[in-house]
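J.: Contents of data.csv (CSV, C-alpha atoms):
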```
chain,number,residue,atom,x,y,z
A,1259,MET,CA,67.2,-55.0,-88.4
A,1260,THR,CA,65.6,-55.1,-91.8
A,1261,ILE,CA,68.0,-52.5,-93.1
A,1262,GLN,CA,71.0,-54.5,-91.8
A,1263,LEU,CA,69.7,-57.7,-93.3
A,1264,ILE,CA,69.3,-56.0,-96.7
A,1265,ALA,CA,72.8,-54.6,-96.3
A,1266,LEU,CA,74.2,-58.1,-95.6
A,1267,LEU,CA,72.4,-59.5,-98.6
A,1268,MET,CA,73.7,-56.7,-100.8
A,1269,ALA,CA,77.3,-57.4,-99.6
A,1270,ALA,CA,76.9,-61.1,-100.5
A,1271,ILE,CA,75.5,-60.2,-104.0
A,1272,ALA,CA,78.3,-57.8,-104.6
A,1273,TYR,CA,81.0,-60.4,-104.1
A,1274,ALA,CA,79.0,-63.0,-106.0
A,1275,LEU,CA,79.0,-60.7,-109.0
A,1276,ILE,CA,82.7,-60.3,-108.7
A,1277,SER,CA,83.2,-64.0,-108.7
A,1278,VAL,CA,81.0,-64.5,-111.8
A,1279,GLY,CA,82.8,-61.7,-113.5
A,1280,ILE,CA,86.3,-63.2,-112.7
A,1281,VAL,CA,85.3,-66.6,-114.1
A,1282,LEU,CA,83.8,-65.1,-117.3
A,1283,GLN,CA,86.9,-62.9,-117.8
A,1284,LYS,CA,89.2,-65.9,-117.3
A,1285,LYS,CA,87.2,-68.0,-119.8
A,1286,GLY,CA,87.5,-65.2,-122.4
A,1287,ILE,CA,90.9,-63.9,-121.5
A,1288,SER,CA,92.6,-65.3,-124.5
A,1289,TRP,CA,91.3,-62.4,-126.7
A,1290,ILE,CA,94.0,-60.3,-125.0
A,1291,GLY,CA,97.2,-60.8,-127.0
A,1292,TRP,CA,95.3,-62.8,-129.7
A,1293,SER,CA,97.8,-63.5,-132.5
A,1294,GLU,CA,95.6,-65.5,-134.9
A,1295,LYS,CA,92.9,-64.3,-137.4
A,1296,LYS,CA,90.1,-62.4,-135.6
A,1297,ASP,CA,87.4,-64.9,-136.5
A,1298,LYS,CA,84.2,-66.1,-134.7
A,1299,LYS,CA,86.2,-67.7,-131.9
A,1300,TYR,CA,88.0,-64.4,-131.2
A,1301,PHE,CA,84.7,-62.5,-130.9
A,1302,LYS,CA,83.1,-65.3,-128.8
A,1303,HIS,CA,86.0,-64.9,-126.3
A,1304,LEU,CA,85.7,-61.1,-126.4
A,1305,PHE,CA,81.9,-61.3,-125.7
A,1306,ILE,CA,82.4,-63.6,-122.7
A,1307,TRP,CA,85.2,-61.4,-121.3
A,1308,LEU,CA,83.0,-58.3,-121.8
A,1309,SER,CA,80.1,-60.0,-120.0
A,1310,GLY,CA,82.4,-60.6,-117.0
A,1311,PHE,CA,83.7,-57.0,-117.2
A,1312,LEU,CA,80.1,-55.6,-117.0
A,1313,LEU,CA,79.1,-57.8,-114.1
A,1314,MET,CA,82.2,-56.8,-112.1
A,1315,ASN,CA,81.3,-53.1,-112.7
A,1316,ILE,CA,77.7,-53.6,-111.4
A,1317,TYR,CA,79.3,-54.7,-108.1
A,1318,GLY,CA,79.5,-51.1,-107.0
A,1319,VAL,CA,75.8,-50.7,-106.7
A,1320,PRO,CA,75.0,-53.4,-104.1
A,1321,SER,CA,78.3,-52.6,-102.4
A,1322,ALA,CA,77.3,-49.0,-101.9
A,1323,ILE,CA,74.0,-50.0,-100.5
A,1324,ALA,CA,75.8,-52.4,-98.0
A,1325,LEU,CA,78.3,-49.7,-97.0
A,1326,ARG,CA,75.6,-47.3,-96.1
A,1327,SER,CA,74.8,-49.5,-93.0
A,1328,LEU,CA,78.0,-51.6,-92.5
A,1329,PRO,CA,81.6,-50.9,-91.7
A,1330,PRO,CA,84.1,-51.5,-94.6
A,1331,HIS,CA,85.7,-54.5,-93.1
A,1332,VAL,CA,82.4,-56.3,-92.6
A,1333,VAL,CA,81.4,-55.7,-96.2
A,1334,SER,CA,84.8,-56.8,-97.5
A,1335,ALA,CA,84.6,-60.0,-95.3
A,1336,PHE,CA,81.9,-61.2,-97.7
A,1337,ALA,CA,84.8,-61.8,-100.1
A,1338,GLY,CA,85.0,-65.1,-98.2
A,1339,PHE,CA,81.5,-65.9,-99.6
A,1340,GLY,CA,82.8,-64.8,-103.0
A,1341,ILE,CA,85.6,-67.3,-103.0
A,1342,ILE,CA,83.2,-70.1,-102.3
A,1343,VAL,CA,81.1,-69.0,-105.3
A,1344,LEU,CA,84.3,-68.8,-107.3
A,1345,ILE,CA,85.4,-72.3,-106.5
A,1346,PHE,CA,82.2,-73.9,-107.6
A,1347,LEU,CA,81.8,-71.7,-110.7
A,1348,SER,CA,85.4,-72.5,-111.8
A,1349,LYS,CA,84.6,-76.3,-111.4
A,1350,TYR,CA,81.6,-76.2,-113.8
A,1351,PHE,CA,82.7,-73.5,-116.2
A,1352,LEU,CA,86.5,-73.8,-116.3
A,1353,LYS,CA,86.8,-77.5,-115.3
A,1354,ASP,CA,89.1,-76.7,-112.4
A,1355,LYS,CA,89.6,-79.5,-109.9
A,1356,ILE,CA,87.9,-79.3,-106.6
A,1357,PHE,CA,89.3,-81.2,-103.6
A,1358,ARG,CA,87.3,-82.7,-100.8
A,1359,SER,CA,89.0,-80.4,-98.3
A,1360,ASP,CA,87.7,-77.4,-100.3
A,1361,TYR,CA,84.2,-78.2,-98.9
A,1362,PHE,CA,85.5,-78.2,-95.3
A,1363,TYR,CA,87.5,-75.0,-95.6
A,1364,SER,CA,84.7,-73.3,-97.4
A,1365,THR,CA,82.6,-74.1,-94.3
A,1366,ILE,CA,85.4,-72.5,-92.2
A,1367,VAL,CA,85.3,-69.4,-94.4
A,1368,MET,CA,81.5,-69.0,-94.1
A,1369,ALA,CA,81.7,-69.6,-90.3
A,1370,GLY,CA,84.2,-66.7,-90.1
A,1371,VAL,CA,81.9,-64.4,-92.1
A,1372,ILE,CA,78.9,-65.3,-89.9
A,1373,LEU,CA,80.9,-64.9,-86.7
A,1374,LEU,CA,82.2,-61.5,-87.8
A,1375,ASN,CA,78.6,-60.3,-88.4
A,1376,LEU,CA,77.3,-61.7,-85.1
A,1377,THR,CA,80.1,-60.0,-83.1
A,1378,GLU,CA,80.4,-56.7,-85.0
A,1379,ASN,CA,78.9,-53.6,-83.5
A,1380,ILE,CA,77.4,-52.5,-86.8
A,1381,SER,CA,77.3,-48.8,-87.5
A,1382,GLY,CA,77.1,-46.7,-90.6
A,1383,GLU,CA,78.7,-43.7,-88.9
A,1384,SER,CA,82.4,-43.0,-89.3
A,1385,ASP,CA,84.9,-40.3,-88.5
A,1386,MET,CA,87.2,-39.6,-91.5
A,1387,GLN,CA,90.9,-39.2,-90.6
A,1388,GLY,CA,93.8,-37.7,-92.5
A,1389,GLY,CA,97.6,-37.9,-92.0
A,1390,VAL,CA,100.6,-39.9,-93.1
A,1391,LEU,CA,99.1,-43.3,-92.4
A,1392,THR,CA,96.1,-42.5,-94.5
A,1393,PHE,CA,98.3,-41.5,-97.4
A,1394,LEU,CA,100.3,-44.7,-97.0
A,1395,PHE,CA,97.2,-46.8,-96.9
A,1396,PHE,CA,96.2,-45.4,-100.3
A,1397,PHE,CA,99.7,-45.4,-101.8
A,1398,VAL,CA,100.8,-49.0,-100.9
A,1399,PRO,CA,98.9,-50.8,-103.8
A,1400,VAL,CA,100.6,-48.3,-106.3
A,1401,LEU,CA,104.0,-49.2,-104.9
A,1402,MET,CA,103.2,-52.9,-105.2
A,1403,PHE,CA,102.2,-52.5,-108.8
A,1404,ILE,CA,105.3,-50.7,-109.7
A,1405,PHE,CA,107.5,-53.2,-107.9
A,1406,VAL,CA,106.0,-56.2,-109.8
A,1407,LEU,CA,106.4,-54.4,-113.1
A,1408,ILE,CA,110.1,-53.6,-112.7
A,1409,ILE,CA,111.4,-56.9,-111.3
A,1410,ASP,CA,112.1,-59.9,-113.4
A,1411,SER,CA,109.8,-62.6,-112.2
A,1412,GLY,CA,108.0,-65.8,-113.4
A,1413,ASP,CA,104.4,-66.4,-114.2
A,1414,ARG,CA,103.6,-67.8,-110.8
A,1415,PHE,CA,105.0,-64.8,-109.0
A,1416,ARG,CA,103.1,-62.4,-111.3
A,1417,ASN,CA,99.9,-64.5,-110.9
A,1418,ILE,CA,100.1,-64.1,-107.1
A,1419,PHE,CA,101.5,-60.6,-106.8
A,1420,PHE,CA,99.2,-59.0,-109.4
A,1421,ALA,CA,96.2,-60.7,-107.6
A,1422,ALA,CA,97.4,-59.1,-104.4
A,1423,VAL,CA,97.6,-55.7,-106.0
A,1424,SER,CA,94.1,-56.1,-107.4
A,1425,GLY,CA,92.8,-57.2,-104.0
A,1426,CYS,CA,94.4,-54.3,-102.1
A,1427,SER,CA,93.2,-51.8,-104.7
A,1428,ALA,CA,89.7,-53.3,-104.4
A,1429,GLY,CA,90.0,-52.8,-100.6
A,1430,VAL,CA,90.8,-49.1,-101.2
A,1431,MET,CA,87.7,-49.0,-103.4
A,1432,VAL,CA,85.6,-50.2,-100.5
A,1433,ILE,CA,87.1,-47.5,-98.2
A,1434,SER,CA,86.6,-44.8,-100.9
A,1435,LEU,CA,83.0,-45.9,-101.6
A,1436,LYS,CA,82.4,-45.8,-97.8
A,1437,GLY,CA,83.6,-42.2,-97.8
A,1438,LEU,CA,81.3,-41.3,-100.6
A,1439,VAL,CA,78.1,-42.8,-99.1
A,1440,HIS,CA,79.2,-41.4,-95.6
A,1441,PHE,CA,79.3,-37.8,-96.9
A,1442,PHE,CA,76.8,-37.8,-99.8
A,1443,GLU,CA,74.6,-41.0,-99.2
A,1444,TYR,CA,73.2,-41.8,-102.7
A,1445,ARG,CA,73.4,-38.2,-104.1
A,1446,ILE,CA,75.6,-39.4,-107.0
A,1447,SER,CA,75.7,-36.0,-108.7
A,1448,GLU,CA,77.7,-34.7,-105.7
A,1449,TYR,CA,80.3,-37.5,-105.9
A,1450,PRO,CA,82.7,-35.7,-108.3
A,1451,GLY,CA,83.2,-33.0,-105.7
A,1452,SER,CA,85.0,-35.4,-103.4
A,1453,ILE,CA,88.5,-36.8,-103.5
A,1454,TYR,CA,87.0,-40.2,-102.7
A,1455,PHE,CA,85.3,-40.3,-106.1
A,1456,TYR,CA,88.7,-40.0,-107.9
A,1457,LEU,CA,90.4,-42.4,-105.6
A,1458,TYR,CA,87.6,-44.9,-106.4
A,1459,ILE,CA,88.0,-44.5,-110.1
A,1460,PHE,CA,91.8,-44.7,-110.0
A,1461,PHE,CA,91.9,-47.8,-107.9
A,1462,ALA,CA,89.1,-49.4,-109.9
A,1463,LEU,CA,91.4,-49.1,-112.9
A,1464,LEU,CA,94.4,-50.3,-111.0
A,1465,SER,CA,92.5,-53.3,-109.6
A,1466,PHE,CA,91.1,-54.1,-113.1
A,1467,ILE,CA,94.5,-54.0,-114.9
A,1468,SER,CA,96.2,-56.0,-112.1
A,1469,LEU,CA,93.4,-58.6,-112.3
A,1470,GLN,CA,93.9,-59.1,-116.1
A,1471,MET,CA,97.6,-59.4,-115.6
A,1472,SER,CA,97.1,-62.0,-112.9
A,1473,LEU,CA,94.5,-64.0,-115.0
A,1474,LYS,CA,97.0,-64.0,-117.9
A,1475,SER,CA,99.7,-65.4,-115.7
A,1476,GLY,CA,98.1,-68.3,-114.0
A,1477,PRO,CA,95.0,-70.2,-112.6
A,1478,VAL,CA,91.8,-68.4,-111.8
A,1479,LEU,CA,91.5,-70.0,-108.3
A,1480,ILE,CA,94.9,-68.7,-107.3
A,1481,THR,CA,94.1,-65.3,-108.6
A,1482,GLY,CA,90.7,-65.3,-106.9
A,1483,GLN,CA,91.9,-66.5,-103.5
A,1484,ILE,CA,94.8,-64.1,-103.3
A,1485,GLN,CA,92.6,-61.2,-104.4
A,1486,TYR,CA,89.8,-62.1,-102.0
A,1487,SER,CA,92.2,-62.6,-99.1
A,1488,THR,CA,93.7,-59.1,-99.6
A,1489,ILE,CA,90.2,-57.6,-100.1
A,1490,ILE,CA,89.3,-59.0,-96.6
A,1491,ILE,CA,92.5,-57.9,-94.8
A,1492,TYR,CA,93.3,-54.5,-96.4
A,1493,PRO,CA,90.0,-52.8,-95.4
A,1494,VAL,CA,90.6,-53.8,-91.8
A,1495,ALA,CA,93.6,-51.5,-91.8
A,1496,GLY,CA,91.5,-48.9,-93.7
A,1497,SER,CA,88.7,-49.0,-91.1
A,1498,ILE,CA,91.3,-48.3,-88.3
A,1499,ILE,CA,93.5,-45.8,-90.2
A,1500,VAL,CA,91.0,-43.9,-92.4
A,1501,PHE,CA,87.8,-44.1,-90.3
A,1502,SER,CA,89.4,-44.2,-86.8
A,1503,GLY,CA,87.6,-47.5,-86.2
A,1504,SER,CA,88.5,-50.4,-84.0
A,1505,THR,CA,88.3,-54.2,-84.1
A,1506,GLY,CA,88.1,-56.5,-81.1
A,1507,PRO,CA,89.5,-59.9,-80.5
A,1508,LEU,CA,86.4,-61.7,-81.8
A,1509,GLN,CA,86.4,-59.6,-85.0
A,1510,LEU,CA,90.1,-60.3,-85.6
A,1511,MET,CA,89.5,-64.0,-84.9
A,1512,SER,CA,86.7,-64.0,-87.4
A,1513,ILE,CA,88.8,-62.4,-90.1
A,1514,ALA,CA,91.6,-64.9,-89.3
A,1515,LEU,CA,89.2,-67.8,-89.8
A,1516,ILE,CA,88.2,-66.5,-93.2
A,1517,VAL,CA,91.8,-65.9,-94.4
A,1518,THR,CA,93.0,-69.3,-92.9
A,1519,GLY,CA,90.2,-71.1,-94.8
A,1520,ILE,CA,91.2,-69.3,-98.1
A,1521,ILE,CA,94.9,-70.1,-97.6
A,1522,LYS,CA,94.2,-73.8,-96.9
A,1523,ILE,CA,92.2,-73.9,-100.1
A,1524,LEU,CA,95.1,-72.2,-102.0
A,1525,LYS,CA,97.6,-74.8,-100.7
A,1526,ASN,CA,95.9,-77.5,-102.8
A,1527,ARG,CA,96.6,-75.6,-106.0
```
Translate the structure described by the file into structure tokens.

T.:
Amino acid sequence: MTIQLIALLMAAIAYALISVGIVLQKKGISWIGWSEKKDKKYFKHLFIWLSGFLLMNIYGVPSAIALRSLPPHVVSAFAGFGIIVLIFLSKYFLKDKIFRSDYFYSTIVMAGVILLNLTENISGESDMQGGVLTFLFFFVPVLMFIFVLIIDSGDRFRNIFFAAVSGCSAGVMVISLKGLVHFFEYRISEYPGSIYFYLYIFFALLSFISLQMSLKSGPVLITGQIQYSTIIIYPVAGSIIVFSGSTGPLQLMSIALIVTGIIKILKNR
């Protein structure tokens, strides 16, 4: 029980780090494409952005600890907690408006996270599967990224779609990291011998690039909520396809609660 509680705590910390990182990167994002003289203001924005970048990369450590004992879709469900952290941080650091309904739907999100963990048969053991569906699972975010690059679209579309690409890519990262800790536990020196290591690196880059493009195109709360929604949903498919896992009606209802709460929050923006 103690190990599982530690894993749950690590999952919460992981997505809290991502939320802090997103807010800091949004606050300093103007250094990208800076057209004025690179003065003190420029380097201040760069420092804030780099601070967010570093925090987001630390996320992998608590996430790996959580994935040693928890299924991927349970860990990724803590993105619901991450969106709550994001909402309140964006209010105090980015001066984004918070609506009264946000508090209610934040409660719905957390209820879904708690219900998922109460009804989940937690296990760290998984059977890795291959095949066409596994290939498609990993390839879909790449196709999405290419699609949004080649079509002529406005900032709102790019804001939403790049956030979705970032979230799906982050979902693949969760699955890849699960594969690494499943096979090698914490023997990091052995990670480069696995395809999952290179998938993790590739999709970390894809998620990062897509996130920056989304943050450049629109509000941080829309970026965060779309990203976190796809982070929650996509690993469910990964757990079933890649790990031959299963989810019952209560687990699906829990995930639906989380995503519904996030969508309701998004509708206010």

J.: Calculated over only C-alpha atoms, which of the candidates A:Lys1302, A:Phe1455, A:Arg1326, A:Phe1311 has the smallest distance to His1440 of chain A?

T.: A:Arg1326

J.: Compile the contact shell of Leu1347 of chain A as a list in words: residues with an atom at most 12 Å away, counting only C-alpha atoms, same-chain residues fewer than 2 positions apart removed.

T.: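 Within the cut-off, the hits are Ala1274, Leu1275, Ile1276, Ser1277, Val1278, Gly1279, Ile1280, Val1281, Leu1282, Lys1284, Lys1285, Gly1340, Ile1341, Ile1342, Val1343, Leu1344, Ile1345, Lys1349, Tyr1350, Phe1351, Leu1352, Lys1353, Asp1354, Lys1355, Ile1356, Val1478, Leu1479 and Gly1482 of chain A.
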
J.: For segment 1487-1492 of chain A, please output as a list in words all residues within 7 Å (counting all atoms listed in the file; exclusion window: fewer than 4 positions along the same chain).

T.: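 These residues fall inside the cut-off: His1331, Ser1334, Ala1335, Ala1337, Ala1422, Gly1425, Cys1426, Ala1428, Gly1429, Gln1483, Gly1496, Val1517 and Ile1520 of chain A.
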
J.: With distances taken over all atoms listed in the file, which residue among A:Met1431, A:Gln1283, A:Val1500, A:Ile1516 lies nearest Ser1348 of chain A?

T.: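 For Ser1348 of chain A, the nearest of the candidates is A:Gln1283.
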
J.: In Å, with one decimal, what is the gap from atom CA of Trp1307 of chain A to atom CA of Gly1286 of chain A?

T.: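 The value is 4.6 Å.
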
J.: Have segment 1336-1366 of chain A completed to N, CA and C atoms, please, and pass it along as a CSV table (one decimal), in the coordinates of the input.

T.:
```
chain,number,residue,atom,x,y,z
A,1336,PHE,N,82.8,-60.4,-96.9
A,1336,PHE,CA,81.9,-61.2,-97.7
A,1336,PHE,C,82.7,-61.7,-99.0
A,1337,ALA,N,83.9,-61.2,-99.1
A,1337,ALA,CA,84.8,-61.8,-100.1
A,1337,ALA,C,85.0,-63.3,-99.8
A,1338,GLY,N,84.9,-63.7,-98.6
A,1338,GLY,CA,85.0,-65.1,-98.2
A,1338,GLY,C,83.8,-65.9,-98.9
A,1339,PHE,N,82.6,-65.3,-98.9
A,1339,PHE,CA,81.5,-65.9,-99.6
A,1339,PHE,C,81.8,-65.9,-101.1
A,1340,GLY,N,82.5,-64.9,-101.6
A,1340,GLY,CA,82.8,-64.8,-103.0
A,1340,GLY,C,83.7,-65.9,-103.4
A,1341,ILE,N,84.7,-66.2,-102.6
A,1341,ILE,CA,85.6,-67.3,-103.0
A,1341,ILE,C,84.9,-68.6,-103.1
A,1342,ILE,N,83.9,-68.9,-102.2
A,1342,ILE,CA,83.2,-70.1,-102.3
A,1342,ILE,C,82.4,-70.2,-103.7
A,1343,VAL,N,81.8,-69.1,-104.0
A,1343,VAL,CA,81.1,-69.0,-105.3
A,1343,VAL,C,82.1,-69.2,-106.4
A,1344,LEU,N,83.3,-68.6,-106.3
A,1344,LEU,CA,84.3,-68.8,-107.3
A,1344,LEU,C,84.8,-70.2,-107.5
A,1345,ILE,N,85.0,-70.9,-106.4
A,1345,ILE,CA,85.4,-72.3,-106.5
A,1345,ILE,C,84.4,-73.2,-107.3
A,1346,PHE,N,83.2,-73.0,-107.0
A,1346,PHE,CA,82.2,-73.9,-107.6
A,1346,PHE,C,81.9,-73.5,-109.1
A,1347,LEU,N,82.0,-72.2,-109.3
A,1347,LEU,CA,81.8,-71.7,-110.7
A,1347,LEU,C,83.0,-72.2,-111.6
A,1348,SER,N,84.2,-72.1,-111.0
A,1348,SER,CA,85.4,-72.5,-111.8
A,1348,SER,C,85.4,-74.0,-112.1
A,1349,LYS,N,84.7,-74.8,-111.2
A,1349,LYS,CA,84.6,-76.3,-111.4
A,1349,LYS,C,83.7,-76.5,-112.7
A,1350,TYR,N,82.6,-75.9,-112.7
A,1350,TYR,CA,81.6,-76.2,-113.8
A,1350,TYR,C,81.9,-75.4,-115.1
A,1351,PHE,N,82.5,-74.3,-115.0
A,1351,PHE,CA,82.7,-73.5,-116.2
A,1351,PHE,C,84.2,-73.5,-116.8
A,1352,LEU,N,85.1,-73.7,-115.9
A,1352,LEU,CA,86.5,-73.8,-116.3
A,1352,LEU,C,87.1,-75.1,-116.1
A,1353,LYS,N,86.3,-76.1,-115.5
A,1353,LYS,CA,86.8,-77.5,-115.3
A,1353,LYS,C,88.0,-77.6,-114.4
A,1354,ASP,N,88.1,-76.6,-113.5
A,1354,ASP,CA,89.1,-76.7,-112.4
A,1354,ASP,C,88.8,-77.8,-111.4
A,1355,LYS,N,89.8,-78.4,-110.9
A,1355,LYS,CA,89.6,-79.5,-109.9
A,1355,LYS,C,89.2,-79.0,-108.6
A,1356,ILE,N,88.2,-79.6,-107.9
A,1356,ILE,CA,87.9,-79.3,-106.6
A,1356,ILE,C,88.2,-80.5,-105.7
A,1357,PHE,N,88.9,-80.2,-104.6
A,1357,PHE,CA,89.3,-81.2,-103.6
A,1357,PHE,C,88.3,-81.4,-102.5
A,1358,ARG,N,88.3,-82.5,-101.9
A,1358,ARG,CA,87.3,-82.7,-100.8
A,1358,ARG,C,87.5,-81.7,-99.7
A,1359,SER,N,88.8,-81.4,-99.4
A,1359,SER,CA,89.0,-80.4,-98.3
A,1359,SER,C,88.5,-79.0,-98.6
A,1360,ASP,N,88.3,-78.7,-99.9
A,1360,ASP,CA,87.7,-77.4,-100.3
A,1360,ASP,C,86.3,-77.2,-99.6
A,1361,TYR,N,85.5,-78.3,-99.5
A,1361,TYR,CA,84.2,-78.2,-98.9
A,1361,TYR,C,84.4,-77.8,-97.4
A,1362,PHE,N,85.3,-78.5,-96.8
A,1362,PHE,CA,85.5,-78.2,-95.3
A,1362,PHE,C,86.0,-76.8,-95.1
A,1363,TYR,N,87.0,-76.4,-95.9
A,1363,TYR,CA,87.5,-75.0,-95.6
A,1363,TYR,C,86.6,-74.0,-96.1
A,1364,SER,N,85.7,-74.3,-97.1
A,1364,SER,CA,84.7,-73.3,-97.4
A,1364,SER,C,83.7,-73.1,-96.3
A,1365,THR,N,83.4,-74.2,-95.5
A,1365,THR,CA,82.6,-74.1,-94.3
A,1365,THR,C,83.3,-73.2,-93.3
A,1366,ILE,N,84.6,-73.3,-93.1
A,1366,ILE,CA,85.4,-72.5,-92.2
A,1366,ILE,C,85.2,-71.0,-92.6
```
